[in-house]
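Structure file final.cif (mmCIF, C-alpha atoms) follows.
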```cif
data_my_file
#
loop_
_atom_site.label_atom_id
_atom_site.label_comp_id
_atom_site.auth_asym_id
_atom_site.auth_seq_id
_atom_site.Cartn_x
_atom_site.Cartn_y
_atom_site.Cartn_z
CA MET A 583 27.37 9.16 -18.85
CA SER A 584 23.72 8.62 -17.99
CA SER A 585 21.35 10.17 -20.53
CA ARG A 586 18.03 8.50 -19.72
CA ILE A 587 16.35 8.89 -16.38
CA ALA A 588 14.39 5.89 -15.17
CA PRO A 589 10.75 6.50 -14.09
CA ARG A 590 11.09 8.26 -10.76
CA ALA A 591 7.77 7.10 -9.33
CA ALA A 592 8.60 3.44 -9.96
CA THR A 593 12.05 3.87 -8.40
CA TRP A 594 10.50 5.68 -5.44
CA LEU A 595 8.06 2.81 -4.95
CA LEU A 596 10.89 0.30 -4.93
CA GLU A 597 12.91 2.39 -2.50
CA ARG A 598 10.10 3.20 -0.08
CA VAL A 599 7.65 0.33 -0.28
CA GLY A 600 10.28 -2.27 -1.10
CA GLY A 601 12.34 -1.45 1.92
CA GLY A 602 15.55 0.52 1.92
CA SER A 603 18.99 -0.76 1.01
CA ARG A 604 17.85 -4.31 0.30
CA PHE A 605 16.66 -3.29 -3.17
CA GLU A 606 19.58 -1.00 -4.04
CA PRO A 607 21.47 -3.46 -6.30
CA LEU A 608 18.23 -4.45 -7.99
CA ILE A 609 17.31 -0.81 -8.69
CA GLY A 610 20.83 -0.38 -10.08
CA ASP A 611 20.27 -3.39 -12.39
CA LEU A 612 16.99 -1.93 -13.64
CA ALA A 613 18.63 1.48 -14.20
CA GLU A 614 21.45 -0.16 -16.14
CA GLN A 615 19.06 -2.00 -18.44
CA PHE A 616 16.85 1.07 -18.86
CA GLU A 617 19.94 3.02 -19.85
CA GLU A 618 20.69 0.34 -22.45
CA GLY A 619 17.34 0.93 -24.14
CA ARG A 620 14.60 -0.84 -22.23
CA SER A 621 11.21 0.92 -22.28
CA ARG A 622 9.44 2.74 -19.44
CA LEU A 623 6.72 0.09 -19.57
CA TRP A 624 9.36 -2.60 -19.05
CA TYR A 625 10.72 -0.68 -16.06
CA TRP A 626 7.26 -0.34 -14.50
CA ARG A 627 6.51 -4.02 -15.10
CA GLN A 628 9.76 -4.97 -13.36
CA ALA A 629 9.06 -2.63 -10.41
CA VAL A 630 5.47 -3.76 -9.82
CA GLY A 631 6.36 -7.42 -10.37
CA THR A 632 9.26 -7.18 -7.93
CA LEU A 633 7.06 -5.64 -5.24
CA ALA A 634 4.40 -8.31 -5.77
CA ILE A 635 6.99 -11.10 -5.50
CA ASP A 636 8.48 -9.52 -2.38
CA LEU A 637 5.05 -9.21 -0.79
CA ALA A 638 4.17 -12.82 -1.62
CA GLN A 639 7.47 -13.99 -0.14
CA THR A 640 6.91 -11.96 3.01
CA ILE A 641 3.43 -13.40 3.49
CA ARG A 642 4.68 -16.93 2.81
CA LEU A 643 7.53 -16.68 5.33
CA HIS A 644 5.64 -14.84 8.07
CA ALA A 645 2.07 -15.83 7.32
CA PHE A 646 0.72 -15.92 10.87
CA SER A 647 1.83 -12.52 12.14
CA PHE A 648 1.11 -10.89 8.80
CA ILE A 649 -2.47 -12.17 8.57
CA ALA A 650 -3.02 -11.54 12.30
CA ALA A 651 -1.93 -7.92 11.90
CA VAL A 652 -4.28 -7.27 8.98
CA VAL A 653 -7.20 -9.08 10.66
CA VAL A 654 -6.76 -7.15 13.93
CA GLY A 655 -6.59 -3.86 12.02
CA CYS A 656 -9.68 -4.61 9.93
CA ALA A 657 -11.60 -5.83 12.99
CA SER A 658 -10.82 -2.61 14.83
CA ILE A 659 -12.07 -0.50 11.91
CA TRP A 660 -15.13 -2.72 11.53
CA LEU A 661 -15.99 -2.43 15.24
CA TRP A 662 -15.72 1.34 15.05
CA ASP A 663 -17.88 1.48 11.93
CA ALA A 664 -20.49 -0.64 13.67
CA GLY A 665 -20.34 1.23 16.98
CA TRP A 666 -19.99 4.89 16.19
CA PRO A 667 -23.56 5.43 14.89
CA HIS A 668 -24.84 4.45 18.36
CA LEU A 669 -22.42 6.91 19.91
CA ALA A 670 -23.54 9.67 17.56
CA GLN A 671 -27.26 8.96 17.64
CA PRO A 672 -28.16 11.66 20.20
CA LEU A 673 -26.26 14.23 18.17
CA TYR A 674 -28.29 13.56 15.06
CA ALA A 675 -31.68 13.53 16.80
CA ASN A 676 -33.93 16.33 15.58
CA LEU A 677 -31.07 17.81 13.61
CA ALA A 678 -33.28 19.62 11.11
CA ALA A 679 -34.96 21.64 13.87
CA VAL A 680 -31.64 22.48 15.54
CA SER A 681 -30.19 23.69 12.26
CA GLN A 682 -32.81 26.44 12.15
CA HIS A 683 -31.17 28.02 15.24
CA PRO A 684 -27.45 27.59 14.68
CA TRP A 685 -26.24 30.10 17.28
CA THR A 686 -27.76 28.42 20.32
CA ALA A 687 -25.85 26.49 22.98
CA GLN A 688 -27.58 23.29 21.90
CA ALA A 689 -26.29 23.68 18.34
CA GLY A 690 -22.83 24.44 19.68
CA LEU A 691 -22.83 21.27 21.72
CA ARG A 692 -23.90 19.28 18.68
CA VAL A 693 -21.02 20.74 16.68
CA ALA A 694 -18.55 19.98 19.49
CA GLY A 695 -19.90 16.44 19.79
CA LEU A 696 -19.58 15.76 16.08
CA GLU A 697 -16.04 17.12 16.06
CA MET A 698 -15.14 14.96 19.07
CA ILE A 699 -16.34 11.89 17.23
CA GLY A 700 -14.19 12.87 14.28
CA VAL A 701 -11.12 13.27 16.49
CA LEU A 702 -11.88 9.98 18.23
CA ALA A 703 -12.03 8.27 14.83
CA ASP A 704 -8.63 9.73 13.93
CA VAL A 705 -7.07 8.64 17.22
CA LEU A 706 -8.51 5.16 16.82
CA LEU A 707 -7.09 4.99 13.30
CA PHE A 708 -3.63 5.92 14.58
CA VAL A 709 -3.80 3.37 17.39
CA THR A 710 -5.01 0.70 14.96
CA VAL A 711 -2.17 1.34 12.54
CA TRP A 712 0.29 1.30 15.41
CA ALA A 713 -1.06 -2.09 16.51
CA VAL A 714 -0.93 -3.48 12.96
CA ILE A 715 2.72 -2.59 12.59
CA ARG A 716 3.62 -3.75 16.09
CA ILE A 717 2.10 -7.17 15.43
CA HIS A 718 4.13 -7.57 12.24
CA ARG A 719 7.27 -5.59 12.96
CA SER A 720 9.59 -7.19 10.44
CA HIS A 721 7.93 -5.76 7.29
CA PRO A 722 6.05 -2.60 8.31
CA ARG A 723 5.67 -1.19 4.81
CA ALA A 724 4.34 -4.42 3.33
CA VAL A 725 1.79 -4.97 6.10
CA LEU A 726 0.78 -1.31 5.96
CA SER A 727 0.15 -1.49 2.20
CA VAL A 728 -1.98 -4.60 2.50
CA PHE A 729 -3.90 -3.09 5.42
CA VAL A 730 -4.66 0.08 3.43
CA VAL A 731 -5.94 -2.02 0.52
CA ALA A 732 -8.02 -4.19 2.86
CA VAL A 733 -9.58 -1.17 4.58
CA THR A 734 -10.19 0.84 1.42
CA ALA A 735 -11.43 -1.96 -0.85
CA PRO A 736 -14.93 -2.22 0.70
CA TYR A 737 -15.50 1.47 -0.02
CA ILE A 738 -14.72 1.15 -3.72
CA PRO A 739 -18.31 0.12 -4.71
CA ILE A 740 -19.69 3.07 -2.69
CA LEU A 741 -17.19 5.38 -4.31
CA ALA A 742 -18.03 4.06 -7.77
CA ARG A 743 -21.75 4.45 -7.07
CA SER A 744 -21.22 8.02 -5.90
CA VAL A 745 -19.19 8.89 -8.97
CA ILE A 746 -21.76 7.31 -11.31
CA HIS A 747 -24.57 9.05 -9.44
CA ALA A 748 -22.78 12.39 -9.68
CA ALA A 749 -22.12 11.84 -13.38
CA THR A 750 -25.54 10.60 -14.46
CA ASP A 751 -28.13 12.32 -12.23
CA PRO A 752 -28.73 15.84 -13.55
CA ARG A 753 -30.04 16.97 -10.15
CA VAL A 754 -26.64 16.31 -8.58
CA THR A 755 -24.00 18.86 -9.40
CA THR A 756 -21.26 17.31 -7.30
CA PRO A 757 -17.61 17.84 -8.12
CA LEU A 758 -15.56 14.68 -7.76
CA VAL A 759 -13.02 16.11 -5.33
CA PRO A 760 -15.35 16.19 -2.29
CA ILE A 761 -16.41 12.62 -3.02
CA LEU A 762 -12.80 11.47 -3.22
CA MET A 763 -11.67 13.53 -0.25
CA PRO A 764 -12.88 11.19 2.53
CA PHE A 765 -11.12 8.25 0.92
CA LEU A 766 -7.95 10.21 0.35
CA TRP A 767 -8.19 11.42 3.93
CA GLN A 768 -8.47 7.92 5.31
CA ALA A 769 -5.57 6.66 3.20
CA LEU A 770 -3.48 9.68 4.23
CA CYS A 771 -4.24 9.08 7.89
CA ILE A 772 -3.28 5.43 7.71
CA PHE A 773 -0.06 6.14 5.84
CA ALA A 774 0.90 9.05 8.10
CA ALA A 775 0.36 6.98 11.22
CA GLY A 776 2.00 3.93 9.70
CA LEU A 777 5.09 5.69 8.50
CA TRP A 778 5.46 7.41 11.84
CA VAL A 779 5.24 4.13 13.72
CA ALA A 780 7.59 2.44 11.25
CA ARG A 781 10.16 5.19 11.64
CA ARG A 782 9.71 5.20 15.38
CA LEU A 783 10.37 1.47 15.57
CA SER A 784 13.54 1.64 13.51
CA PHE A 785 14.68 4.92 15.00
CA THR A 786 18.29 4.30 15.83
CA GLY A 787 20.97 6.92 15.49
CA ARG A 788 19.05 9.16 13.08
CA GLY A 789 19.41 12.19 15.31
CA ARG A 790 16.92 13.99 17.47
CA PRO A 791 15.83 16.65 14.93
CA HIS A 792 14.72 13.94 12.52
CA PHE A 793 12.57 12.33 15.18
CA VAL A 794 11.12 15.66 16.33
CA ALA A 795 10.17 16.57 12.74
CA ILE A 796 8.32 13.30 12.22
CA LEU A 797 6.56 13.67 15.56
CA ALA A 798 5.56 17.27 14.77
CA VAL A 799 4.09 16.32 11.40
CA SER A 800 2.20 13.43 12.95
CA LEU A 801 0.77 15.63 15.70
CA CYS A 802 -0.25 18.25 13.14
CA VAL A 803 -2.17 15.63 11.21
CA LEU A 804 -3.70 14.35 14.41
CA ALA A 805 -4.57 17.85 15.63
CA GLY A 806 -6.68 18.48 12.60
CA LEU A 807 -4.80 20.33 9.88
CA ALA A 808 -5.88 17.75 7.37
CA ARG A 809 -9.39 17.86 8.79
CA ALA A 810 -9.43 21.59 8.26
CA ALA A 811 -8.32 21.12 4.66
CA GLY A 812 -11.14 18.63 4.19
CA ARG A 813 -13.62 21.13 5.55
CA VAL A 814 -12.47 23.87 3.17
CA GLY A 815 -13.20 21.46 0.34
CA GLU A 816 -16.61 20.73 1.80
CA ILE A 817 -17.47 24.42 2.17
CA THR A 818 -16.73 25.02 -1.50
CA TYR A 819 -18.73 21.97 -2.31
CA THR A 820 -21.81 22.80 -0.28
CA LEU A 821 -22.28 26.12 -2.05
CA HIS A 822 -24.02 23.96 -4.64
CA GLU A 823 -26.79 21.43 -4.17
CA SER A 824 -25.06 18.49 -2.70
CA TYR A 825 -24.65 14.81 -2.14
CA VAL A 826 -22.62 13.09 0.58
CA PRO A 827 -21.49 9.48 0.36
CA ASP A 828 -22.81 7.27 3.12
CA VAL A 829 -19.58 6.63 5.01
CA LEU A 830 -18.00 7.87 8.19
CA ASN A 831 -15.48 10.51 7.32
CA VAL A 832 -14.43 13.98 8.14
CA GLY A 833 -16.11 15.21 4.98
CA SER A 834 -19.62 14.16 5.90
CA VAL A 835 -19.17 15.30 9.52
CA ALA A 836 -17.92 18.67 8.28
CA TYR A 837 -20.86 18.89 5.92
CA LEU A 838 -23.34 18.27 8.72
CA VAL A 839 -21.54 20.81 10.88
CA LEU A 840 -21.82 23.32 8.08
CA LEU A 841 -25.52 22.63 7.73
CA LEU A 842 -25.97 23.44 11.40
CA TRP A 843 -24.26 26.78 10.99
CA ARG A 844 -25.93 27.84 7.77
CA PRO A 845 -29.47 29.18 8.17
CA GLY A 846 -31.82 28.30 5.36
CA ARG A 847 -30.45 24.81 4.89
CA THR A 848 -32.46 21.74 5.81
CA SER A 849 -30.79 18.48 6.63
CA ARG A 850 -32.81 15.37 5.96
CA MET A 851 -31.77 12.01 7.24
CA SER A 852 -32.86 8.73 5.73
CA GLY A 853 -33.14 5.81 8.12
CA GLU A 854 -29.92 5.37 10.07
CA PRO A 855 -28.59 8.42 11.91
CA PRO A 856 -25.36 8.80 9.94
CA THR A 857 -27.01 8.48 6.56
CA HIS A 858 -27.27 11.89 5.02
CA ALA A 859 -29.66 11.84 2.10
CA GLY A 860 -29.11 15.37 0.88
CA GLY A 861 -29.38 19.05 1.59
CA GLY A 862 -31.30 21.83 -0.03
CA PRO A 863 -32.98 25.20 0.46
CA ARG A 864 -35.79 25.38 2.99
CA ALA A 865 -38.36 26.14 0.30
CA GLN A 866 -37.51 22.93 -1.50
CA ALA A 867 -37.85 20.94 1.72
CA ALA A 868 -41.25 22.50 2.41
CA LYS A 869 -42.36 21.64 -1.12
CA SER A 870 -41.39 17.99 -0.77
CA GLU A 871 -43.07 17.74 2.61
CA MET B 609 18.40 -42.74 3.09
CA ARG B 610 19.30 -39.15 3.87
CA ASN B 611 16.50 -36.63 4.05
CA ARG B 612 17.72 -34.27 1.33
CA GLU B 613 15.80 -31.46 -0.31
CA PHE B 614 16.33 -31.23 -4.06
CA LEU B 615 16.67 -27.91 -5.79
CA GLY B 616 13.59 -26.51 -7.45
CA GLN B 617 13.55 -25.89 -11.19
CA HIS B 618 14.03 -22.14 -10.88
CA GLU B 619 16.68 -22.52 -8.21
CA LEU B 620 18.62 -24.89 -10.43
CA ILE B 621 18.33 -22.58 -13.44
CA VAL B 622 19.60 -19.58 -11.47
CA MET B 623 22.44 -21.55 -9.89
CA LEU B 624 23.56 -22.86 -13.28
CA ALA B 625 23.53 -19.33 -14.69
CA VAL B 626 25.67 -18.13 -11.78
CA LEU B 627 28.02 -21.06 -12.34
CA ARG B 628 28.36 -20.28 -16.07
CA LEU B 629 29.05 -16.59 -15.49
CA GLY B 630 31.76 -17.11 -12.88
CA ARG B 631 33.12 -13.84 -11.54
CA ASP B 632 30.78 -11.74 -13.64
CA ALA B 633 27.58 -13.01 -12.00
CA TYR B 634 25.42 -10.10 -10.94
CA GLY B 635 21.72 -9.39 -11.59
CA VAL B 636 21.79 -8.18 -15.20
CA PRO B 637 23.99 -10.91 -16.78
CA ILE B 638 22.30 -13.62 -14.71
CA ALA B 639 18.86 -12.66 -16.07
CA ALA B 640 20.31 -12.28 -19.60
CA GLU B 641 22.02 -15.69 -19.44
CA ILE B 642 18.77 -17.34 -18.33
CA ALA B 643 16.85 -15.64 -21.15
CA ARG B 644 19.49 -16.63 -23.73
CA ARG B 645 19.77 -20.29 -22.66
CA THR B 646 16.14 -21.07 -21.80
CA GLY B 647 14.24 -18.60 -23.99
CA ARG B 648 12.30 -17.44 -20.91
CA GLU B 649 12.60 -13.96 -19.50
CA MET B 650 12.49 -13.84 -15.71
CA LEU B 651 11.63 -10.74 -13.72
CA GLN B 652 14.73 -9.22 -12.17
CA GLY B 653 12.93 -9.26 -8.82
CA SER B 654 12.22 -12.94 -9.22
CA VAL B 655 15.92 -13.66 -9.84
CA TYR B 656 16.82 -11.75 -6.66
CA ALA B 657 14.10 -13.50 -4.65
CA ILE B 658 15.52 -16.88 -5.67
CA LEU B 659 19.09 -15.80 -4.97
CA ASP B 660 18.08 -14.47 -1.52
CA ARG B 661 16.46 -17.80 -0.77
CA LEU B 662 19.55 -19.70 -1.95
CA GLU B 663 21.77 -17.45 0.16
CA SER B 664 19.68 -18.12 3.26
CA LYS B 665 20.11 -21.86 2.58
CA GLY B 666 23.87 -21.40 2.30
CA PHE B 667 24.14 -22.37 -1.39
CA VAL B 668 25.17 -18.93 -2.61
CA THR B 669 27.19 -16.01 -1.27
CA SER B 670 27.06 -12.40 -2.37
CA GLN B 671 29.19 -9.29 -2.09
CA LEU B 672 28.72 -5.73 -3.20
CA GLY B 673 30.84 -4.46 -6.07
CA GLU B 674 31.43 -1.17 -7.79
CA ALA B 675 28.82 1.55 -8.33
CA THR B 676 28.65 3.18 -11.77
CA PRO B 677 26.89 6.33 -13.04
CA GLN B 678 25.04 4.14 -15.54
CA ARG B 679 23.43 2.41 -12.54
CA GLY B 680 22.47 5.66 -10.83
CA GLY B 681 25.40 5.29 -8.45
CA ARG B 682 24.16 1.98 -7.10
CA ALA B 683 26.48 -0.94 -6.41
CA LYS B 684 26.37 -4.28 -8.20
CA ARG B 685 25.77 -7.38 -6.11
CA TYR B 686 27.94 -10.27 -7.24
CA PHE B 687 26.92 -13.85 -6.53
CA ALA B 688 28.96 -17.05 -6.30
CA LEU B 689 28.13 -20.64 -5.48
CA THR B 690 29.41 -22.02 -2.19
CA ALA B 691 30.94 -25.51 -1.96
CA GLU B 692 27.62 -26.75 -0.57
CA GLY B 693 25.82 -25.07 -3.48
CA ARG B 694 28.04 -26.82 -6.04
CA ARG B 695 27.43 -30.14 -4.33
CA GLN B 696 23.68 -29.52 -4.47
CA VAL B 697 23.84 -28.80 -8.20
CA ARG B 698 25.84 -32.00 -8.83
CA GLU B 699 23.45 -34.09 -6.75
CA THR B 700 20.43 -32.66 -8.53
CA GLN B 701 22.10 -33.36 -11.88
CA ARG B 702 22.84 -36.95 -10.84
CA ALA B 703 19.26 -37.47 -9.67
CA LEU B 704 17.82 -36.06 -12.88
CA GLU B 705 20.15 -38.16 -15.04
CA ALA B 706 19.19 -41.26 -13.10
CA LEU B 707 15.53 -40.49 -13.66
CA TRP B 708 16.09 -39.87 -17.36
CA GLN B 709 18.01 -43.12 -17.91
CA GLY B 710 16.04 -45.36 -20.23
CA LEU B 711 13.48 -42.66 -20.85
CA ALA B 712 15.46 -40.82 -23.48
CA LYS B 713 14.53 -43.34 -26.20
CA THR B 714 10.90 -43.51 -25.08
CA ALA B 715 10.61 -39.74 -24.95
CA GLY B 716 12.24 -39.42 -28.37
CA ALA B 717 10.34 -42.34 -29.91
CA LYS B 718 8.06 -40.03 -31.83
CA SER B 719 10.88 -38.53 -33.89
#
```
Write-out of the structure in structure tokens:
Amino acid sequence: MSSRIAPRAATWLLERVGGGSRFEPLIGDLAEQFEEGRSRLWYWRQAVGTLAIDLAQTIRLHAFSFIAAVVVGCASIWLWDAGWPHLAQPLYANLAAVSQHPWTAQAGLRVAGLEMIGVLADVLLFVTVWAVIRIHRSHPRAVLSVFVVAVTAPYIPILARSVIHAATDPRVTTPLVPILMPFLWQALCIFAAGLWVARRLSFTGRGRPHFVAILAVSLCVLAGLARAAGRVGEITYTLHESYVPDVLNVGSVAYLVLLLWRPGRTSRMSGEPPTHAGGGPRAQAAKSE
Amino acid sequence: MRNREFLGQHELIVMLAVLRLGRDAYGVPIAAEIARRTGREMLQGSVYAILDRLESKGFVTSQLGEATPQRGGRAKRYFALTAEGRRQVRETQRALEALWQGLAKTAGAKS
């Protein structure tokens, strides 16, 4: 009779990331040895090591399509990152003045424009993930994991800087959740799109309700439920003096939108249009000017 | 001369462990046998990766066995060497012995 339960998260990783029934006997072997007295650390080491070996083997055997998929995905994200500030430039022009009159048609158009850019970014992300998995169809989970790491890794220094800034500068009273939210959002988007595409590709005989459920969840994410959640976080956050990391994300767009709709707030931009340097009461802005 | 690919060190170790275990060769005893005989502990995933590679080369076959509650209801995967696999092991042994001939004394000269 089984009395010890192996670490669920590690088993889940092996089942989901490792790829279905292929790992079943191996997970059974690990469970058997864990039951015989092996430690949790041993189990985790085996799980992570196994996934690393599997990934290395996948890359070795299918190097061209694997690398091509990741490069195409990263290039698409890079092109968007380079291009969207030009697209958004008119929306940011004279933003401080517009924010003084948030209920005008001009302000409304700005808000709509910023939201459209956000939706466009989400759609592009979905299409990119779809392309990544289509290019390397044989191991969708492995290529998706590497793509997420490749896309997220460049943001880690920015994230670290933001966290250090928030922790060390007494003028910044920023909770960590809003800083982390854009990164979590991006990772969530990539995984949601990736898993949907992966399921769609291998969708054979699972039954229509299963497919409809996956499609519905994906459309909900795409339609903006997660964006709305991000904005709720931002609203809580902007009740205090604030700081927004310098990356494209729903969080910073939502923050700028909020600035437009909140009288008494001044938005100041530093240099490039998407760079938001900070927000504060009008009196403070007047003082610094 | 025939263009033959020799077994790698890890492949040979795993195949010999499978050979020693006979009918009882599944993941756990294979890894335990390797650890006991060589003093090196291999990752379970590494053992499976090597066995998958050997199976794709036709040196090993596998079949699913019984599932037990101790294993979380998951089946064992039993491995056995094919005739081609056995021949490969013998050829590798012959090649290694031929290379060692005359070296044994030199290598052991220190002692």
Translate the PyMOL selection byres ((chain A) within 8 of (chain B)), as applied to the file shown, into an explicit residue set as a PDB file with C-alpha atoms, in the coordinates of the input.
```pdb
ATOM      1  CA  MET A 583      27.370   9.160 -18.850  1.00  0.00           C
ATOM      2  CA  SER A 584      23.720   8.620 -17.990  1.00  0.00           C
ATOM      3  CA  GLU A 606      19.580  -1.000  -4.040  1.00  0.00           C
ATOM      4  CA  PRO A 607      21.470  -3.460  -6.300  1.00  0.00           C
ATOM      5  CA  LEU A 608      18.230  -4.450  -7.990  1.00  0.00           C
ATOM      6  CA  ILE A 609      17.310  -0.810  -8.690  1.00  0.00           C
ATOM      7  CA  GLY A 610      20.830  -0.380 -10.080  1.00  0.00           C
ATOM      8  CA  ASP A 611      20.270  -3.390 -12.390  1.00  0.00           C
ATOM      9  CA  LEU A 612      16.990  -1.930 -13.640  1.00  0.00           C
ATOM     10  CA  ALA A 613      18.630   1.480 -14.200  1.00  0.00           C
ATOM     11  CA  GLU A 614      21.450  -0.160 -16.140  1.00  0.00           C
ATOM     12  CA  GLN A 615      19.060  -2.000 -18.440  1.00  0.00           C
ATOM     13  CA  GLU A 617      19.940   3.020 -19.850  1.00  0.00           C
ATOM     14  CA  GLN A 628       9.760  -4.970 -13.360  1.00  0.00           C
ATOM     15  CA  ALA A 629       9.060  -2.630 -10.410  1.00  0.00           C
ATOM     16  CA  GLY A 631       6.360  -7.420 -10.370  1.00  0.00           C
ATOM     17  CA  THR A 632       9.260  -7.180  -7.930  1.00  0.00           C
ATOM     18  CA  LEU A 633       7.060  -5.640  -5.240  1.00  0.00           C
ATOM     19  CA  ILE A 635       6.990 -11.100  -5.500  1.00  0.00           C
ATOM     20  CA  ASP A 636       8.480  -9.520  -2.380  1.00  0.00           C
TER      21      ASP A 636
END
```
Spell out the residues picked by the PyMOL selection byres ((chain B and resi 695-709) around 8) here, as a ChimeraX atom specification.
/B:614-615,620,623-624,667,691-694,710-712
Once the PyMOL selection byres ((chain B and resi 629) around 12) has been evaluated on this model, what residues remain selected, and can you format them as a list in words?
Val622, Met623, Leu624, Ala625, Val626, Leu627, Arg628, Gly630, Arg631, Asp632, Ala633, Tyr634, Gly635, Val636, Pro637, Ile638, Ala639, Ala640, Glu641, Ile642, Tyr686, Phe687, Ala688 and Leu689 of chain B
Can you work out the spacing between CA of Ala657 in chain A and CA of Gly695 in chain A in Å, to one decimal?
24.7 Å
Atomic distance CA of Ile717 in chain A - CA of Ala651 in chain A, expressed in Å with one decimal
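So the answer is 5.4 Å.
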Between CA of Arg586 in chain A and CA of Arg627 in chain A, measure the distance and give it in Å to one decimal.
17.6 Å
For Val630 in chain A, please output as a compact mmCIF listing (two decimals) with C-alpha atoms, in the frame of the given file all residues within 9 Å (counting all atoms listed in the file; exclusion window: fewer than 5 positions along the same chain).
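See around-v3.txt below for the written result:
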```
# COMPACT_ATOMS: atom_id res chain seq x y z
CA ALA A 592 8.60 3.44 -9.96
CA LEU A 595 8.06 2.81 -4.95
CA LEU A 596 10.89 0.30 -4.93
CA TYR A 625 10.72 -0.68 -16.06
CA ILE A 635 6.99 -11.10 -5.50
```
Extract range 675-686 of chain B from the preceding block and save C-alpha atoms as a short mmCIF file (atom, residue, chain, number, x, y, z; two decimals), in the first residue's frame.
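Heads up, here's the output in out.cif:
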```
data_model
loop_
_atom_site.label_atom_id
_atom_site.label_comp_id
_atom_site.auth_asym_id
_atom_site.auth_seq_id
_atom_site.Cartn_x
_atom_site.Cartn_y
_atom_site.Cartn_z
CA ALA B 675 1.12 -1.78 -12.89
CA THR B 676 1.35 -1.74 -9.09
CA PRO B 677 -0.05 0.64 -6.45
CA GLN B 678 3.52 1.23 -5.26
CA ARG B 679 4.20 2.75 -8.70
CA GLY B 680 1.12 4.96 -8.64
CA GLY B 681 -0.67 2.56 -10.96
CA ARG B 682 1.91 2.94 -13.70
CA ALA B 683 3.17 -0.01 -15.72
CA LYS B 684 6.75 -1.26 -15.74
CA ARG B 685 8.60 -1.28 -19.05
CA TYR B 686 10.70 -4.41 -19.46
#
```
